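Engineer: I'd like to ask you about the structure that follows.
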Amino acid sequence: MRTLRGVPFLAAALTAVSLTTPGPATGATGATAATDGSGRCARQERVRVPGAALQRTACLDDLTTTGLAGTPYTDLADQAGLTADGTRAPSGISGVQVDGYFPDSSRFNNTHGWRHDAQFVIRLPDVWNGGLVVTGAPGTRKQYATDKAISDRVLAQGYAYAATDKGNSGTDFYRDGARPGDAVAEWNARTTQLTRAAQGVAAQRYGHAPRRTYIAGISNGGYLTRWQLENHPELYDGGVDWEGALWTTHGPHLLTSLPVTVARTFGAARDEDLYAAGFARGSAFLWPYHEKSYWGLTQKIYRAEFDPAYDPRCPGPTAGSTVEEILAPCPSDAAYDYARRPASVHRAVARVALTGRIGKPLITLHGDMDALLPKAADSDVYARMIDARGRGGLHRYYTIAGGTHVDGLYDTYPERLRPILPCFRSAFDALTAWVEQGTAPPADHTVDRPADGDVVNACALDGTGAARP
């Protein structure tokens, strides 16, 4: 299902979900299940994921999407829209992959036919640099969503990699849990759980625990990065936050910026009202797409998560059974006013709220053309929160000129947008140099779009010139 010159209709990092695509195929081409006798996949038999209810371990010739496409070890459909066409990917990184799940009572994730949530993937390259990178799925996607965006490159650099489905996925994720906020609160718990487990797995495979552990993520994965560095800094050495979702007890957050977009859909708000809510001037060319694909859906499912009593009939027990039903906004959300909602709603958000009190170095990236999480109502605010907590020395914040919420939109508007992925890769390198070598990254600034060069695969954080991919 494609529109806008190949960008998937449901490709937003915050709300994407494969509606009719089954899980990965059961046949694995290009993969081998045994060592080749030369020390590959050493200690594979020792790998036991602490706390896992089920795990499957495989020795693979290539842990990257280049080698895993068409196998059960990745899911390209769940990655749709997150990267631009032309993104170069490494290959030939052999090692061990562990797939499995932790005990959980919900059943949204049908990957591998398991119908079991809290699924994870852990990848252990044969040539290890002593580090680990952990992430949680963006949007409502699952554990393979950032294989191309994050896993491929960090594996090529020698890092082990671990990703979680966050404990629930899909547009009905708000049905998980017994009380408002439970589903999102589980995201944080599952990320912590996987980090500890993956550190233990690395020790089993390589003979010692990771010397460095980093966390990074996109959108909801960026939120998880922020939350983990605030609440469990002892587990990590630093993180990269790629336009993370902001949740604060009294706002701003999604439920304060999106209602006006729904009101505009129903003719009850003007463009100026969106600008007043934080949407960037100059981003209006992206609004028709977001109106059809993201705004109404995102508002209704997150409002159902934190404030189910507002309109119990919409979305109700499911966001919908057809594409049209799933994407349709709830008319009642046009008048949603978070500030006037009962204290119980604010308490539900407070359970997952951010404070800005990070305990390890963090680099934040946010596109100035983000039309789902406008940076004025998100990362600009979070940067001020960090400063107010006296943690500004641990933070760098880069605005990516021409960046938007999903890089796939670059292929539709190559003259107006630029992908954020190459800037993320540069930011990760800057983070590791900061942590391991004491090389401070550039001060906060806007990374301008270069006049020429390969913006799909290169980004210099300290200027407009090209950088090595």
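FYI, nothing fancy with the structure tokens labels: chains A, B, ... in order, residues from 1 per chain, ligands from 1 as they appear.
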Neighbouring residues of Val121 of chain A were defined as those with any atom within 6 Å, considering only C-alpha atoms; residues of the same chain fewer than 3 positions away were excluded. Please report them as JSON, numbers by chain.
Structural biologist: {"A": [98, 99, 162, 163]}
Engineer: Segment 290-329 of chain A: which residues are helix (DSSP H, G or I) by DSSP, as an MDAnalysis selection string?
Structural biologist: chainID A and resid 290:293 295:306 323:327
Engineer: Please determine, counting only C-alpha atoms, which residue among A:Lys148, A:Arg211, A:Arg190, A:Arg40 has the shortest atom-to-atom distance to Leu132 of chain A.
Structural biologist: A:Arg211
Engineer: Tell me, as a ChimeraX atom specification, which residues lie within 8 Å of Glu305 of chain A, counting only C-alpha atoms; anything in the same chain fewer than 5 positions away does not count.
Structural biologist: /A:174-175,180-183
Engineer: Keeping only N, CA, C and O atoms, write the selected residues to a file as a PDB file, in the first residue's frame.
Structural biologist:
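Below is the file that was written, part_18.pdb:
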```pdb
ATOM      1  N   TYR A 174      -2.975   0.282  23.213  1.00  0.00           N
ATOM      2  CA  TYR A 174      -3.571   0.891  24.415  1.00  0.00           C
ATOM      3  C   TYR A 174      -4.447  -0.085  25.181  1.00  0.00           C
ATOM      4  O   TYR A 174      -4.838   0.191  26.325  1.00  0.00           O
ATOM      5  N   ARG A 175      -4.770  -1.217  24.590  1.00  0.00           N
ATOM      6  CA  ARG A 175      -5.587  -2.231  25.267  1.00  0.00           C
ATOM      7  C   ARG A 175      -4.758  -3.054  26.259  1.00  0.00           C
ATOM      8  O   ARG A 175      -5.317  -3.811  27.058  1.00  0.00           O
ATOM      9  N   PRO A 180      -4.915   3.168  33.020  1.00  0.00           N
ATOM     10  CA  PRO A 180      -4.340   4.115  32.069  1.00  0.00           C
ATOM     11  C   PRO A 180      -2.843   4.316  32.295  1.00  0.00           C
ATOM     12  O   PRO A 180      -2.382   4.461  33.424  1.00  0.00           O
ATOM     13  N   GLY A 181      -2.118   4.289  31.187  1.00  0.00           N
ATOM     14  CA  GLY A 181      -0.676   4.455  31.234  1.00  0.00           C
ATOM     15  C   GLY A 181       0.113   3.177  31.349  1.00  0.00           C
ATOM     16  O   GLY A 181       1.343   3.183  31.213  1.00  0.00           O
ATOM     17  N   ASP A 182      -0.552   2.051  31.593  1.00  0.00           N
ATOM     18  CA  ASP A 182       0.159   0.785  31.780  1.00  0.00           C
ATOM     19  C   ASP A 182       0.991   0.391  30.556  1.00  0.00           C
ATOM     20  O   ASP A 182       2.103  -0.117  30.692  1.00  0.00           O
ATOM     21  N   ALA A 183       0.420   0.569  29.362  1.00  0.00           N
ATOM     22  CA  ALA A 183       1.111   0.112  28.149  1.00  0.00           C
ATOM     23  C   ALA A 183       2.423   0.857  27.955  1.00  0.00           C
ATOM     24  O   ALA A 183       3.460   0.252  27.670  1.00  0.00           O
TER      25      ALA A 183
END
```
Engineer: Near segment 421-426 of chain A, counting only C-alpha atoms, which residues have an atom at most 6 Å away, once you skip same-chain residues fewer than 4 positions from it, shown as a list in words?
Structural biologist: Asn457, Ala458 and Cys459 of chain A
Engineer: Restricting the output to C-alpha atoms, write the selected residues as a PDB file, in the first residue's frame.
Structural biologist:
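Now in part-v1.pdb:
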```pdb
ATOM      1  CA  ASN A 457      24.595   8.951   3.407  1.00  0.00           C
ATOM      2  CA  ALA A 458      26.623  11.827   4.866  1.00  0.00           C
ATOM      3  CA  CYS A 459      26.143  14.493   7.528  1.00  0.00           C
TER       4      CYS A 459
END
```
Engineer: May I have the residues within 10 Å of Val96 of chain A as a list in words, using only C-alpha atoms and disregarding those fewer than 6 positions away in the same chain?
Structural biologist: Ala33, Thr35, Arg40, Cys41, Ala42, Arg43, Gln44, Val47, Thr57, Ala58, Cys59, Leu60, Asp61, Asp62, Leu63, Ile122, Arg123, Leu124, Pro125, Asp126, Ala160 and Arg205 of chain A
Engineer: Excluding segment 427-431 of chain A and its own-chain neighbours fewer than 3 positions away, which residues fall within 7 Å of it when counting only C-alpha atoms? Please give them as number ranges by chain.
Structural biologist: A: 240, 363, 423-424, 434-435, 441
Engineer: Using N, CA, C and O atoms, can you export the residues from the last selection as a compact mmCIF listing (two decimals), in the first residue's frame?
Structural biologist:
```
# COMPACT_ATOMS: atom_id res chain seq x y z
N VAL A 240 21.74 8.42 22.18
CA VAL A 240 21.35 9.33 21.10
C VAL A 240 19.83 9.27 20.95
O VAL A 240 19.26 8.19 20.76
N ILE A 363 22.82 13.01 23.23
CA ILE A 363 22.74 13.86 22.05
C ILE A 363 21.35 13.73 21.46
O ILE A 363 20.87 12.61 21.22
N CYS A 423 22.88 11.91 9.93
CA CYS A 423 23.20 12.76 11.08
C CYS A 423 23.18 11.95 12.37
O CYS A 423 23.97 12.18 13.29
N PHE A 424 22.25 10.99 12.45
CA PHE A 424 22.23 10.08 13.60
C PHE A 424 23.53 9.29 13.69
O PHE A 424 24.11 9.13 14.77
N TRP A 434 32.94 11.34 22.71
CA TRP A 434 32.72 12.13 23.92
C TRP A 434 32.94 11.27 25.17
O TRP A 434 33.66 11.64 26.10
N VAL A 435 32.33 10.08 25.16
CA VAL A 435 32.39 9.20 26.32
C VAL A 435 33.76 8.56 26.47
O VAL A 435 34.32 8.50 27.58
N PRO A 441 31.48 17.13 21.83
CA PRO A 441 30.84 17.41 20.56
C PRO A 441 30.66 18.91 20.35
O PRO A 441 30.79 19.70 21.29
```
Engineer: Need the shell around segment 340-351 of chain A: protein/DNA/RNA residues with any atom at most 12 Å away, counting only C-alpha atoms. Skip same-chain ones fewer than 5 positions apart. Format as a PyMOL selection string?
Structural biologist: chain A and resi 178-188+227+246-256+302-310+335
Engineer: For atom CA of Ala52 of chain A and atom CA of Leu194 of chain A, quote the distance in Å rounded to one decimal.
Structural biologist: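 Atom CA of Leu194 of chain A lies 9.6 Å from atom CA of Ala52 of chain A.
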Engineer: Once DSSP has gone over the backbone, tell me which residues of segment 132-315 of chain A are in strand (DSSP E), as a ChimeraX atom specification.
Structural biologist: /A:132-136,160-164,212-218,238-242
Engineer: May I have the residues from that selection written out with all heavy atoms, as a short mmCIF file (atom, residue, chain, number, x, y, z; two decimals), in the first residue's frame?
Structural biologist:
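Full text of part.cif as output:
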```cif
data_model
loop_
_atom_site.label_atom_id
_atom_site.label_comp_id
_atom_site.auth_asym_id
_atom_site.auth_seq_id
_atom_site.Cartn_x
_atom_site.Cartn_y
_atom_site.Cartn_z
N LEU A 132 27.87 -2.50 23.47
CA LEU A 132 26.49 -2.95 23.26
C LEU A 132 25.63 -1.73 22.97
O LEU A 132 25.78 -0.69 23.64
CB LEU A 132 25.98 -3.66 24.52
CG LEU A 132 24.48 -3.96 24.61
CD1 LEU A 132 24.05 -4.98 23.56
CD2 LEU A 132 24.11 -4.44 26.03
N VAL A 133 24.74 -1.86 22.00
CA VAL A 133 23.76 -0.81 21.68
C VAL A 133 22.37 -1.39 21.85
O VAL A 133 22.05 -2.45 21.30
CB VAL A 133 23.94 -0.27 20.25
CG1 VAL A 133 22.86 0.76 19.93
CG2 VAL A 133 25.33 0.35 20.08
N VAL A 134 21.53 -0.69 22.62
CA VAL A 134 20.18 -1.14 22.93
C VAL A 134 19.18 -0.13 22.38
O VAL A 134 19.41 1.09 22.42
CB VAL A 134 19.98 -1.28 24.45
CG1 VAL A 134 18.56 -1.75 24.79
CG2 VAL A 134 21.01 -2.24 25.04
N THR A 135 18.04 -0.62 21.89
CA THR A 135 16.98 0.27 21.43
C THR A 135 15.62 -0.37 21.65
O THR A 135 15.50 -1.58 21.84
CB THR A 135 17.15 0.62 19.94
OG1 THR A 135 16.26 1.68 19.57
CG2 THR A 135 16.85 -0.58 19.05
N GLY A 136 14.59 0.48 21.63
CA GLY A 136 13.21 0.03 21.64
C GLY A 136 12.55 0.45 20.35
O GLY A 136 12.93 1.46 19.74
N ALA A 160 27.64 -5.29 19.79
CA ALA A 160 26.47 -6.16 19.92
C ALA A 160 25.24 -5.26 19.92
O ALA A 160 25.33 -4.06 20.20
CB ALA A 160 26.55 -6.96 21.21
N TYR A 161 24.09 -5.83 19.60
CA TYR A 161 22.87 -5.03 19.41
C TYR A 161 21.70 -5.77 20.00
O TYR A 161 21.60 -7.01 19.90
CB TYR A 161 22.65 -4.81 17.91
CG TYR A 161 21.32 -4.20 17.53
CD1 TYR A 161 21.13 -2.81 17.57
CD2 TYR A 161 20.25 -4.99 17.13
CE1 TYR A 161 19.92 -2.25 17.20
CE2 TYR A 161 19.03 -4.43 16.77
CZ TYR A 161 18.87 -3.06 16.81
OH TYR A 161 17.66 -2.50 16.46
N ALA A 162 20.79 -5.03 20.65
CA ALA A 162 19.58 -5.63 21.22
C ALA A 162 18.41 -4.68 21.02
O ALA A 162 18.54 -3.46 21.19
CB ALA A 162 19.77 -5.92 22.70
N ALA A 163 17.25 -5.23 20.65
CA ALA A 163 16.05 -4.42 20.43
C ALA A 163 14.84 -5.14 20.98
O ALA A 163 14.75 -6.37 20.93
CB ALA A 163 15.84 -4.12 18.95
N THR A 164 13.88 -4.35 21.49
CA THR A 164 12.65 -4.90 22.07
C THR A 164 11.43 -4.34 21.37
O THR A 164 11.45 -3.21 20.86
CB THR A 164 12.55 -4.57 23.57
OG1 THR A 164 11.26 -4.93 24.08
CG2 THR A 164 12.76 -3.08 23.85
N ARG A 212 31.21 -0.89 27.35
CA ARG A 212 30.37 0.28 27.13
C ARG A 212 28.99 -0.18 26.67
O ARG A 212 28.88 -1.10 25.85
CB ARG A 212 30.95 1.21 26.06
CG ARG A 212 32.34 1.75 26.36
CD ARG A 212 32.30 2.76 27.48
NE ARG A 212 33.64 3.35 27.71
CZ ARG A 212 33.90 4.21 28.68
NH1 ARG A 212 32.94 4.58 29.52
NH2 ARG A 212 35.12 4.69 28.83
N THR A 213 27.96 0.46 27.19
CA THR A 213 26.58 0.20 26.74
C THR A 213 25.95 1.54 26.38
O THR A 213 25.93 2.46 27.20
CB THR A 213 25.75 -0.49 27.84
OG1 THR A 213 26.33 -1.75 28.16
CG2 THR A 213 24.32 -0.71 27.36
N TYR A 214 25.44 1.62 25.17
CA TYR A 214 24.77 2.83 24.69
C TYR A 214 23.32 2.51 24.37
O TYR A 214 22.98 1.39 24.02
CB TYR A 214 25.47 3.37 23.44
CG TYR A 214 26.89 3.79 23.67
CD1 TYR A 214 27.97 2.97 23.27
CD2 TYR A 214 27.20 4.99 24.31
CE1 TYR A 214 29.28 3.34 23.50
CE2 TYR A 214 28.51 5.37 24.55
CZ TYR A 214 29.54 4.54 24.13
OH TYR A 214 30.84 4.93 24.36
N ILE A 215 22.48 3.53 24.50
CA ILE A 215 21.08 3.40 24.13
C ILE A 215 20.77 4.47 23.08
O ILE A 215 21.29 5.59 23.15
CB ILE A 215 20.14 3.52 25.35
CG1 ILE A 215 18.68 3.29 24.91
CG2 ILE A 215 20.32 4.84 26.09
CD1 ILE A 215 17.73 3.04 26.06
N ALA A 216 19.98 4.10 22.10
CA ALA A 216 19.62 5.02 21.04
C ALA A 216 18.25 4.63 20.51
O ALA A 216 17.84 3.48 20.62
CB ALA A 216 20.66 4.97 19.91
N GLY A 217 17.53 5.61 19.95
CA GLY A 217 16.22 5.27 19.42
C GLY A 217 15.57 6.40 18.67
O GLY A 217 15.96 7.56 18.79
N ILE A 218 14.57 6.02 17.89
CA ILE A 218 13.81 6.93 17.04
C ILE A 218 12.41 7.11 17.62
O ILE A 218 11.75 6.12 17.96
CB ILE A 218 13.69 6.38 15.61
CG1 ILE A 218 15.05 6.01 15.02
CG2 ILE A 218 12.97 7.37 14.70
CD1 ILE A 218 14.96 5.24 13.72
N GLY A 238 25.81 6.40 27.67
CA GLY A 238 25.30 7.55 26.95
C GLY A 238 24.23 7.12 25.96
O GLY A 238 23.93 5.93 25.82
N GLY A 239 23.63 8.12 25.27
CA GLY A 239 22.56 7.80 24.35
C GLY A 239 22.39 8.85 23.26
O GLY A 239 22.84 9.98 23.39
N VAL A 240 21.74 8.42 22.18
CA VAL A 240 21.35 9.33 21.10
C VAL A 240 19.83 9.27 20.95
O VAL A 240 19.26 8.19 20.76
CB VAL A 240 22.01 8.97 19.76
CG1 VAL A 240 21.58 9.96 18.67
CG2 VAL A 240 23.53 8.97 19.89
N ASP A 241 19.22 10.42 21.07
CA ASP A 241 17.77 10.60 21.04
C ASP A 241 17.40 11.21 19.70
O ASP A 241 17.66 12.37 19.44
CB ASP A 241 17.39 11.49 22.23
CG ASP A 241 16.10 12.27 22.04
OD1 ASP A 241 15.21 11.80 21.32
OD2 ASP A 241 16.01 13.38 22.62
N TRP A 242 16.80 10.41 18.83
CA TRP A 242 16.39 10.84 17.49
C TRP A 242 14.91 11.22 17.59
O TRP A 242 14.05 10.39 17.56
CB TRP A 242 16.65 9.70 16.52
CG TRP A 242 16.28 9.88 15.09
CD1 TRP A 242 15.46 10.80 14.52
CD2 TRP A 242 16.73 9.05 14.01
NE1 TRP A 242 15.35 10.61 13.18
CE2 TRP A 242 16.13 9.54 12.83
CE3 TRP A 242 17.55 7.93 13.93
CZ2 TRP A 242 16.34 8.93 11.58
CZ3 TRP A 242 17.76 7.34 12.69
CH2 TRP A 242 17.17 7.84 11.53
#
```
